[in-house]
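Shown below: target_17.cif, with mmCIF, C-alpha atoms and all ligand atoms.
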```cif
data_target
loop_
_atom_site.label_atom_id
_atom_site.label_comp_id
_atom_site.auth_asym_id
_atom_site.auth_seq_id
_atom_site.Cartn_x
_atom_site.Cartn_y
_atom_site.Cartn_z
CA MET A 240 98.01 45.14 59.13
CA HIS A 241 100.79 45.87 61.62
CA TYR A 242 100.53 48.41 64.40
CA ARG A 243 102.55 49.44 67.43
CA ARG A 244 101.61 49.18 71.07
CA VAL A 245 103.30 49.48 74.43
CA ILE A 246 103.78 46.26 76.33
CA HIS A 247 105.13 45.32 79.73
CA GLU A 248 106.11 41.81 80.60
CA ALA A 249 107.44 42.32 84.14
CA PHE A 250 106.66 44.60 87.08
CA GLY A 251 109.28 47.26 87.68
CA SER A 252 110.41 50.76 86.83
CA PRO A 253 108.12 51.82 83.91
CA GLY A 254 110.92 53.36 81.84
CA GLN A 255 112.77 50.05 81.98
CA VAL A 256 110.08 47.38 81.72
CA CYS A 257 107.86 48.99 79.08
CA ARG A 258 108.74 48.69 75.41
CA VAL A 259 107.07 49.28 72.06
CA GLU A 260 106.25 46.16 70.06
CA GLU A 261 104.68 45.50 66.67
CA ALA A 262 101.57 43.37 66.50
CA VAL A 263 99.10 42.29 63.85
CA LEU A 264 95.56 43.69 63.97
CA PRO A 265 92.92 40.98 64.16
CA ALA A 266 89.60 41.36 62.34
CA ILE A 267 86.87 42.98 64.42
CA ALA A 268 83.94 40.94 65.61
CA ASP A 269 80.22 41.77 65.55
CA GLY A 270 79.46 44.54 68.02
CA GLU A 271 83.06 45.75 68.10
CA VAL A 272 84.70 48.96 66.96
CA ARG A 273 88.25 49.55 65.75
CA VAL A 274 89.65 52.74 67.25
CA ARG A 275 92.69 54.53 65.84
CA MET A 276 94.04 56.01 69.06
CA VAL A 277 95.02 59.68 69.06
CA CYS A 278 96.46 60.21 72.53
CA ALA A 279 96.48 58.89 76.07
CA PRO A 280 97.78 60.33 79.33
CA VAL A 281 100.40 58.74 81.54
CA ASN A 282 98.62 58.84 84.90
CA PRO A 283 100.11 57.90 88.28
CA ALA A 284 97.81 54.85 88.28
CA ASP A 285 99.39 53.63 85.00
CA LEU A 286 102.85 53.95 86.50
CA ASN A 287 101.77 52.16 89.69
CA LEU A 288 100.17 49.39 87.64
CA VAL A 289 103.41 48.80 85.75
CA GLU A 290 105.41 48.97 88.99
CA GLY A 291 103.11 46.36 90.53
CA THR A 292 102.05 48.68 93.37
CA TYR A 293 98.47 49.36 92.22
CA GLY A 294 95.26 48.10 93.83
CA ARG A 295 95.13 45.31 91.24
CA ARG A 296 97.88 43.48 89.38
CA PRO A 297 97.21 42.69 85.73
CA SER A 298 98.28 39.36 84.30
CA LEU A 299 101.34 39.84 82.12
CA PRO A 300 102.20 40.58 79.41
CA CYS A 301 99.75 43.42 79.04
CA VAL A 302 99.24 46.73 77.29
CA PRO A 303 99.09 49.57 79.85
CA GLY A 304 97.04 52.74 79.57
CA GLY A 305 93.95 53.26 81.72
CA GLU A 306 92.33 55.86 79.46
CA GLY A 307 92.69 57.51 76.09
CA ALA A 308 90.88 58.90 73.07
CA GLY A 309 90.77 57.87 69.44
CA ARG A 310 88.70 57.86 66.24
CA VAL A 311 86.51 54.94 65.21
CA VAL A 312 87.84 53.77 61.86
CA GLU A 313 85.64 50.68 61.56
CA SER A 314 82.40 49.93 63.36
CA ARG A 315 80.30 46.81 63.63
CA CYS A 316 78.19 48.40 66.34
CA ASP A 317 75.07 50.35 65.32
CA GLN A 318 75.37 52.86 68.17
CA VAL A 319 78.89 54.02 67.30
CA PRO A 320 79.42 55.71 63.93
CA GLU A 321 82.69 55.54 62.04
CA GLY A 322 84.61 58.79 62.43
CA ALA A 323 83.41 59.39 65.99
CA LEU A 324 85.93 60.50 68.60
CA VAL A 325 85.58 58.09 71.52
CA LEU A 326 87.01 57.42 74.96
CA VAL A 327 88.10 53.82 75.33
CA PRO A 328 87.12 51.92 78.49
CA GLY A 329 89.49 51.14 81.35
CA GLY A 330 91.47 47.93 81.09
CA CYS A 331 91.61 47.77 77.29
CA GLY A 332 95.21 49.01 76.95
CA ALA A 333 95.05 52.58 75.65
CA TRP A 334 98.79 52.90 75.00
CA SER A 335 98.42 51.48 71.55
CA GLU A 336 97.94 52.75 68.00
CA TYR A 337 94.74 50.69 67.73
CA VAL A 338 92.22 49.44 70.26
CA GLN A 339 89.45 46.98 69.37
CA VAL A 340 86.65 46.76 71.86
CA ALA A 341 82.90 46.23 72.17
CA GLY A 342 81.17 49.35 70.87
CA GLU A 343 78.84 49.43 73.86
CA ARG A 344 81.84 50.04 76.13
CA VAL A 345 83.20 53.19 74.46
CA TRP A 346 81.98 56.73 75.13
CA VAL A 347 81.31 58.97 72.12
CA VAL A 348 82.78 62.46 72.67
CA PRO A 349 80.61 65.32 71.37
CA SER A 350 82.15 67.67 68.81
CA GLY A 351 83.98 70.71 70.12
CA ILE A 352 86.36 68.89 72.47
CA ALA A 353 89.94 68.34 71.32
CA ALA A 354 91.21 64.77 71.61
CA GLU A 355 94.07 66.04 73.77
CA GLN A 356 91.61 67.19 76.45
CA ALA A 357 89.08 64.42 75.88
CA CYS A 358 91.65 61.69 76.55
CA MET A 359 91.99 62.89 80.16
CA LEU A 360 88.30 63.22 81.04
CA ARG A 361 87.23 59.70 82.02
CA VAL A 362 89.45 59.29 85.09
CA ASN A 363 90.54 62.49 86.84
CA PRO A 364 87.55 64.83 86.33
CA ALA A 365 85.21 61.90 87.08
CA THR A 366 87.09 61.29 90.33
CA ALA A 367 86.79 64.97 91.22
CA TRP A 368 83.09 65.02 90.36
CA ARG A 369 82.29 61.95 92.45
CA MET A 370 84.26 63.07 95.49
CA LEU A 371 82.58 66.48 95.48
CA HIS A 372 79.11 64.95 95.17
CA ASP A 373 79.09 61.58 96.94
CA PHE A 374 80.41 62.15 100.46
CA VAL A 375 79.05 65.40 101.92
CA PRO A 376 75.94 67.27 100.68
CA LEU A 377 77.72 70.58 100.15
CA GLU A 378 75.79 73.81 100.25
CA ARG A 379 76.38 76.73 97.92
CA GLY A 380 79.28 78.87 99.15
CA GLU A 381 80.62 76.11 101.40
CA TRP A 382 84.39 75.62 101.70
CA VAL A 383 86.22 72.45 100.63
CA ILE A 384 89.95 71.79 101.00
CA GLN A 385 92.30 69.61 98.97
CA ASN A 386 96.04 68.90 98.70
CA ALA A 387 98.01 68.21 95.48
CA ALA A 388 95.71 70.88 94.07
CA ASN A 389 97.72 71.39 90.88
CA SER A 390 97.38 67.72 89.91
CA GLY A 391 94.94 66.60 87.22
CA VAL A 392 92.34 65.62 89.81
CA GLY A 393 93.09 68.71 91.89
CA ARG A 394 92.53 71.09 89.00
CA ALA A 395 89.27 69.35 88.19
CA VAL A 396 88.18 69.67 91.83
CA ALA A 397 88.96 73.41 91.74
CA GLN A 398 87.23 73.91 88.39
CA ILE A 399 84.13 71.83 89.19
CA GLY A 400 84.00 73.31 92.69
CA ALA A 401 83.96 76.87 91.35
CA HIS A 402 81.39 75.90 88.71
CA CYS A 403 79.08 74.39 91.35
CA GLY A 404 79.40 77.39 93.67
CA TRP A 405 81.69 75.88 96.30
CA ARG A 406 84.82 77.61 97.55
CA VAL A 407 87.97 75.57 97.33
CA VAL A 408 91.15 75.89 99.39
CA ASN A 409 93.84 74.52 97.07
CA VAL A 410 96.91 73.29 98.91
CA VAL A 411 100.13 72.94 96.89
CA ARG A 412 103.66 71.99 97.88
CA ARG A 413 105.53 74.42 95.58
CA PRO A 414 105.62 78.16 96.46
CA GLU A 415 105.78 79.14 92.78
CA LEU A 416 102.22 77.82 92.38
CA LEU A 417 100.81 80.24 94.95
CA ASP A 418 100.05 82.75 92.22
CA ALA A 419 98.74 80.16 89.76
CA PRO A 420 96.14 82.22 87.88
CA ASP A 421 94.45 79.13 86.41
CA LEU A 422 93.59 77.49 89.73
CA PRO A 423 90.16 78.75 90.84
CA GLY A 424 89.83 79.39 94.58
CA VAL A 425 92.39 80.16 97.25
CA VAL A 426 95.90 78.67 96.93
CA LEU A 427 97.92 77.94 100.10
CA LEU A 428 101.22 76.24 100.80
CA ASP A 429 101.31 72.77 102.35
CA ASP A 430 103.33 73.59 105.48
CA ASP A 431 102.97 73.89 109.26
CA ALA A 432 101.23 77.26 108.99
CA LEU A 433 98.41 75.79 106.87
CA VAL A 434 95.85 75.27 109.64
CA GLU A 435 96.15 78.89 110.78
CA ARG A 436 96.07 80.26 107.24
CA VAL A 437 92.93 78.29 106.41
CA ARG A 438 91.24 79.78 109.46
CA GLU A 439 92.16 83.25 108.22
CA VAL A 440 90.94 82.84 104.64
CA THR A 441 87.73 81.02 105.56
CA GLY A 442 86.95 83.28 108.51
CA GLY A 443 86.92 80.22 110.78
CA ALA A 444 84.23 78.44 108.72
CA ARG A 445 83.47 74.82 109.63
CA LEU A 446 84.90 72.68 106.83
CA ARG A 447 83.14 69.36 106.20
CA LEU A 448 85.09 67.87 103.29
CA ALA A 449 88.82 67.43 102.63
CA LEU A 450 90.29 65.55 99.67
CA ASN A 451 93.67 63.90 100.16
CA ALA A 452 95.98 62.66 97.38
CA VAL A 453 99.22 62.82 99.37
CA GLY A 454 99.03 61.09 102.80
CA GLY A 455 101.49 61.56 105.69
CA GLU A 456 101.79 65.01 107.30
CA SER A 457 99.82 66.63 104.49
CA ALA A 458 96.77 64.45 105.20
CA LEU A 459 97.05 65.18 108.92
CA ARG A 460 97.04 68.91 108.21
CA LEU A 461 93.84 68.55 106.18
CA ALA A 462 92.27 66.56 109.01
CA LYS A 463 93.17 69.32 111.50
CA VAL A 464 91.43 71.89 109.34
CA LEU A 465 88.17 69.93 109.31
CA GLY A 466 85.44 70.75 111.78
CA GLU A 467 83.71 68.22 114.04
CA GLY A 468 82.20 65.38 112.00
CA GLY A 469 84.25 66.33 108.92
CA THR A 470 85.13 63.80 106.22
CA LEU A 471 88.65 63.20 104.92
CA VAL A 472 88.52 61.34 101.60
CA THR A 473 91.81 59.72 100.58
CA TYR A 474 92.11 58.90 96.89
CA GLY A 475 95.84 59.09 96.19
CA ALA A 476 99.14 58.46 97.93
CA MET A 477 101.63 60.65 96.07
CA GLY A 478 103.76 61.16 99.20
CA ARG A 479 103.86 57.38 99.76
CA GLN A 480 103.39 57.90 103.53
CA PRO A 481 100.46 56.42 105.47
CA VAL A 482 97.66 58.55 106.85
CA ARG A 483 98.29 58.77 110.62
CA ILE A 484 95.51 60.30 112.69
CA PRO A 485 95.61 60.93 116.46
CA ASN A 486 92.97 58.89 118.30
CA GLY A 487 91.36 62.02 119.75
CA MET A 488 90.46 63.38 116.35
CA LEU A 489 88.38 60.26 115.74
CA ILE A 490 86.88 60.03 119.25
CA PHE A 491 86.23 63.67 120.12
CA GLY A 492 86.28 65.23 116.65
CA ASP A 493 84.16 62.47 115.06
CA LEU A 494 86.50 62.65 112.07
CA ARG A 495 85.30 60.36 109.26
CA LEU A 496 87.98 58.68 107.16
CA ARG A 497 86.89 57.47 103.75
CA GLY A 498 88.57 56.24 100.59
CA PHE A 499 87.57 56.58 96.96
CA TRP A 500 88.52 54.60 93.85
CA VAL A 501 86.92 55.63 90.57
CA THR A 502 87.55 52.17 89.06
CA ARG A 503 85.20 50.67 91.63
CA TRP A 504 82.69 53.44 90.99
CA TYR A 505 82.60 52.69 87.23
CA GLU A 506 82.29 48.96 87.91
CA ALA A 507 79.29 49.51 90.18
CA ALA A 508 77.58 52.23 88.11
CA GLU A 509 74.91 51.54 85.53
CA ARG A 510 75.94 52.57 82.01
CA GLU A 511 73.26 55.34 82.09
CA GLU A 512 74.60 56.76 85.34
CA ALA A 513 78.18 56.85 84.09
CA GLY A 514 76.97 58.28 80.80
CA ALA A 515 75.06 61.05 82.56
CA MET A 516 78.12 62.02 84.57
CA LEU A 517 80.41 61.94 81.52
CA GLY A 518 77.84 63.95 79.56
CA GLY A 519 78.09 66.65 82.21
CA LEU A 520 81.89 66.54 82.13
CA PHE A 521 81.90 66.73 78.32
CA GLU A 522 79.72 69.84 78.56
CA LEU A 523 82.11 71.45 81.05
CA ALA A 524 85.09 70.59 78.85
CA LYS A 525 83.35 72.01 75.80
CA ARG A 526 82.70 75.29 77.60
CA GLY A 527 86.34 75.45 78.74
CA VAL A 528 85.38 75.09 82.42
CA LEU A 529 87.33 71.84 82.65
CA GLN A 530 90.85 72.10 81.29
CA THR A 531 93.97 70.16 82.14
CA PRO A 532 97.34 71.57 81.12
CA VAL A 533 99.57 69.28 79.07
CA GLU A 534 103.32 69.55 79.51
CA ARG A 535 104.16 67.54 76.41
CA ALA A 536 102.79 64.83 74.13
CA TYR A 537 105.55 62.29 73.42
CA PRO A 538 105.66 60.06 70.34
CA LEU A 539 106.08 56.33 70.99
CA GLU A 540 109.73 56.61 69.91
CA LEU A 541 110.29 58.57 73.15
CA LEU A 542 108.35 56.18 75.40
CA SER A 543 111.05 55.79 78.09
CA GLU A 544 111.56 59.54 78.26
CA ALA A 545 107.81 60.08 78.59
CA LEU A 546 107.50 57.55 81.40
CA GLU A 547 110.48 58.96 83.27
CA ARG A 548 109.11 62.49 82.98
CA ALA A 549 105.66 61.40 84.15
CA ARG A 550 107.23 60.01 87.34
CA GLU A 551 108.85 63.33 88.19
CA GLY A 552 107.37 66.08 90.35
CA GLY A 553 107.39 69.72 89.34
CA ARG A 554 105.76 69.24 85.94
CA SER A 555 103.78 72.04 84.25
CA GLY A 556 101.05 69.58 83.22
CA LYS A 557 100.28 66.04 82.16
CA VAL A 558 102.50 63.83 80.05
CA LEU A 559 100.62 62.39 77.07
CA LEU A 560 101.52 59.69 74.59
CA ALA A 561 100.87 60.85 71.03
CA LEU A 562 99.56 57.68 69.38
CA GLY A 563 98.02 58.88 66.15
CA PRO A 564 98.79 61.15 63.23
CA ASP A 565 96.51 63.93 64.48
CA ALA A 566 97.82 63.93 68.09
CA GLY A 567 98.88 67.37 69.39
N1 LIG B 1 91.33 56.89 93.63
C1 LIG B 1 91.01 57.20 92.38
O1 LIG B 1 89.99 56.79 91.84
C2 LIG B 1 91.94 58.08 91.62
C3 LIG B 1 91.61 58.56 90.34
C4 LIG B 1 92.50 59.42 89.69
C5 LIG B 1 93.70 59.75 90.30
N2 LIG B 1 94.00 59.21 91.52
C6 LIG B 1 95.24 59.55 92.22
O2 LIG B 1 95.28 60.94 92.39
C7 LIG B 1 96.62 61.36 92.47
C8 LIG B 1 96.84 62.48 91.47
O3 LIG B 1 96.69 61.95 90.15
P1 LIG B 1 96.78 62.94 88.90
O4 LIG B 1 96.68 62.20 87.65
O5 LIG B 1 95.81 64.04 89.14
O6 LIG B 1 98.27 63.51 89.12
P2 LIG B 1 99.18 64.39 88.18
O7 LIG B 1 98.34 65.30 87.36
O8 LIG B 1 100.14 63.51 87.51
O9 LIG B 1 99.96 65.29 89.26
C9 LIG B 1 100.73 64.73 90.28
C10 LIG B 1 100.55 65.58 91.52
O10 LIG B 1 101.18 64.94 92.62
C11 LIG B 1 102.04 65.86 93.30
N3 LIG B 1 103.14 65.09 93.87
C12 LIG B 1 104.04 64.35 93.22
N4 LIG B 1 104.89 63.76 94.10
C13 LIG B 1 104.49 64.17 95.33
C14 LIG B 1 104.97 63.93 96.65
N5 LIG B 1 106.02 63.12 96.86
N6 LIG B 1 104.34 64.51 97.67
C15 LIG B 1 103.29 65.33 97.44
N7 LIG B 1 102.77 65.59 96.24
C16 LIG B 1 103.39 65.02 95.19
C17 LIG B 1 102.48 66.82 92.21
O11 LIG B 1 102.92 68.01 92.79
P3 LIG B 1 104.08 68.89 92.07
O12 LIG B 1 103.46 69.47 90.84
O13 LIG B 1 104.44 69.89 93.09
O14 LIG B 1 105.20 67.94 91.74
C18 LIG B 1 101.18 66.97 91.43
O15 LIG B 1 100.32 67.86 92.08
C19 LIG B 1 97.47 60.12 92.20
O16 LIG B 1 97.85 59.56 93.43
C20 LIG B 1 96.51 59.20 91.48
O17 LIG B 1 96.84 57.84 91.60
C21 LIG B 1 93.15 58.41 92.17
#
```
Show the structure stored in the file as structure tokens.
Amino acid sequence: MHYRRVIHEAFGSPGQVCRVEEAVLPAIADGEVRVRMVCAPVNPADLNLVEGTYGRRPSLPCVPGGEGAGRVVESRCDQVPEGALVLVPGGCGAWSEYVQVAGERVWVVPSGIAAEQACMLRVNPATAWRMLHDFVPLERGEWVIQNAANSGVGRAVAQIGAHCGWRVVNVVRRPELLDAPDLPGVVLLDDDALVERVREVTGGARLRLALNAVGGESALRLAKVLGEGGTLVTYGAMGRQPVRIPNGMLIFGDLRLRGFWVTRWYEAAEREEAGAMLGGLFELAKRGVLQTPVERAYPLELLSEALERAREGGRSGKVLLALGPDAG
């Protein structure tokens, strides 16, 4: 049987080096499942991987797509029933109409979660969850600050933060987002007045955790907001500028600079640990606590358009690839 998948054979601008190709489905082996993909997001990491600027370079040619959701249409794994909606594991090439993978590596999604939302749960909300739990033991009512707050990760930080009883200062770069009703917490603009405004809204509280997905001046502003001994976790570099910190903030302010990469976390985690976290995220998604807006789901015929749009700022939500007949 023939199917379509995205392939890239060279590193470069995603809209130019990615194309759709036809391939023949091989038979599945013992222990494997055949997944008819429904949808997959185009995340910044996917774009960076294709550009060749990511933390790891895949050997080419390869099928991109770090996460996605689909239905099991054939199973030779006892633990995964046919018909189940599953999340496919990282590195298996989710931008494809079919994925064949060991059943023990997929995650079965409980009923009540639409594939469109499920396909975005394994990376961004997991990143938010880990960063809120693994660096600073936050107390109920404590303030946390983050930039790029309207991003997929940022929204998950705000939603999980509110759910766990933490107060989140959401920093955005676009004034029109200041009144975003769907971003729990306080929303402030990423400009020179930020440090003062944070003092006002928090009543001068000592902040211990800041999450940075931008770098450059934005990261420095977050660092200035932190109290003595505060931790700045960098997990993204949307502004493509390095984090530059004055020496004094490290020496006298005991500022702690950390990084986080969810890929490494999954690689180090036991299957049970990852499953427990995802189970919690599934529950939050089911209850509508976790929700990521989607700007548009593009069919594979519009691949270049989808990839170009995903690279642009100012989107109203994520760009998805609609890979299956029942995609949104
Ligand atoms: N380390 C990890 O494990 C990990 C895991 C997941 C994601 N990430 C990283 O987290 C970041 C966000 O990913 P996502 O999927 O949540 O993003 P997303 O939903 O695609 O949203 C992109 C965000 O980046 C902002 N942005 C775009 N260009 C920018 C610039 N030049 N300067 C400042 N902000 C800019 C956008 O703001 P506007 O809406 O104003 O354009 C938007 O808030 C990415 O860097 C991604 O690689 C890291």
Problem - Within 12 Å of file point (85.6, 52.2, 90.2), counting only C-alpha atoms, expressed as JSON, numbers by chain - result: {"A": [294, 295, 305, 328, 329, 330, 361, 362, 363, 365, 366, 369, 474, 498, 499, 500, 501, 502, 503, 504, 505, 506, 507, 508, 509, 513]}
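Considering the residues A:Leu541, A:Val528, A:Val533, A:Ala387 and counting all atoms listed in the file, ligand LIG 1 (chain B) has its shortest atom-to-atom contact with A:Ala387.
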Problem - From A:Val425, A:Leu546, A:Cys403, A:Ala452, residue lying nearest ligand LIG 1 (chain B) [all atoms listed in the file] - result: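 Nearest to ligand LIG 1 (chain B): A:Ala452.
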Handout entry: Expected answer as a count of residues only: residues within 8 Å of ligand LIG 1 (chain B), all atoms listed in the file
Key = 47
Practice task
Considering all atoms listed in the file, state which residue in the set A:Met276, A:Leu433, A:Leu446, A:Ala249 is at the smallest distance from A:Ala354.
Solution key: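 Among the listed residues, the smallest separation from A:Ala354 belongs to A:Met276.
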Some atoms are missing, so please complete stretch 524-537 of chain A with N, CA, C and O atoms and return it as an mmCIF file, keeping the file's coordinate frame.
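Once written, part_16.cif looks like this:
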```
data_model
loop_
_atom_site.group_PDB
_atom_site.id
_atom_site.type_symbol
_atom_site.label_atom_id
_atom_site.label_comp_id
_atom_site.auth_asym_id
_atom_site.auth_seq_id
_atom_site.Cartn_x
_atom_site.Cartn_y
_atom_site.Cartn_z
ATOM 1 N N ALA A 524 83.866 70.514 79.642
ATOM 2 C CA ALA A 524 85.090 70.590 78.850
ATOM 3 C C ALA A 524 84.856 71.439 77.598
ATOM 4 O O ALA A 524 85.695 72.257 77.209
ATOM 5 N N LYS A 525 83.693 71.268 77.007
ATOM 6 C CA LYS A 525 83.350 72.010 75.800
ATOM 7 C C LYS A 525 83.315 73.515 76.072
ATOM 8 O O LYS A 525 83.738 74.319 75.254
ATOM 9 N N ARG A 526 82.800 73.868 77.246
ATOM 10 C CA ARG A 526 82.700 75.290 77.600
ATOM 11 C C ARG A 526 84.011 75.837 78.169
ATOM 12 O O ARG A 526 84.088 77.000 78.554
ATOM 13 N N GLY A 527 85.036 74.983 78.246
ATOM 14 C CA GLY A 527 86.340 75.450 78.740
ATOM 15 C C GLY A 527 86.417 75.541 80.252
ATOM 16 O O GLY A 527 87.402 76.032 80.810
ATOM 17 N N VAL A 528 85.343 75.073 80.945
ATOM 18 C CA VAL A 528 85.380 75.090 82.420
ATOM 19 C C VAL A 528 86.402 74.064 82.907
ATOM 20 O O VAL A 528 87.182 74.323 83.819
ATOM 21 N N LEU A 529 86.377 72.895 82.288
ATOM 22 C CA LEU A 529 87.330 71.840 82.650
ATOM 23 C C LEU A 529 88.481 71.876 81.653
ATOM 24 O O LEU A 529 88.273 71.703 80.449
ATOM 25 N N GLN A 530 89.677 72.081 82.165
ATOM 26 C CA GLN A 530 90.850 72.100 81.290
ATOM 27 C C GLN A 530 92.049 71.614 82.071
ATOM 28 O O GLN A 530 92.302 72.072 83.176
ATOM 29 N N THR A 531 92.777 70.688 81.483
ATOM 30 C CA THR A 531 93.970 70.160 82.140
ATOM 31 C C THR A 531 95.189 70.531 81.304
ATOM 32 O O THR A 531 95.240 70.192 80.114
ATOM 33 N N PRO A 532 96.152 71.224 81.919
ATOM 34 C CA PRO A 532 97.340 71.570 81.120
ATOM 35 C C PRO A 532 98.153 70.339 80.739
ATOM 36 O O PRO A 532 98.237 69.379 81.503
ATOM 37 N N VAL A 533 98.719 70.381 79.556
ATOM 38 C CA VAL A 533 99.570 69.280 79.070
ATOM 39 C C VAL A 533 100.995 69.815 78.987
ATOM 40 O O VAL A 533 101.231 70.857 78.382
ATOM 41 N N GLU A 534 101.923 69.108 79.608
ATOM 42 C CA GLU A 534 103.320 69.550 79.510
ATOM 43 C C GLU A 534 103.879 69.197 78.131
ATOM 44 O O GLU A 534 104.492 70.007 77.461
ATOM 45 N N ARG A 535 103.640 67.951 77.719
ATOM 46 C CA ARG A 535 104.160 67.540 76.410
ATOM 47 C C ARG A 535 103.492 66.232 75.986
ATOM 48 O O ARG A 535 103.210 65.381 76.836
ATOM 49 N N ALA A 536 103.249 66.107 74.691
ATOM 50 C CA ALA A 536 102.790 64.830 74.130
ATOM 51 C C ALA A 536 103.985 64.174 73.447
ATOM 52 O O ALA A 536 104.559 64.753 72.526
ATOM 53 N N TYR A 537 104.355 62.983 73.927
ATOM 54 C CA TYR A 537 105.550 62.290 73.420
ATOM 55 C C TYR A 537 105.160 61.239 72.386
ATOM 56 O O TYR A 537 104.220 60.464 72.620
#
```
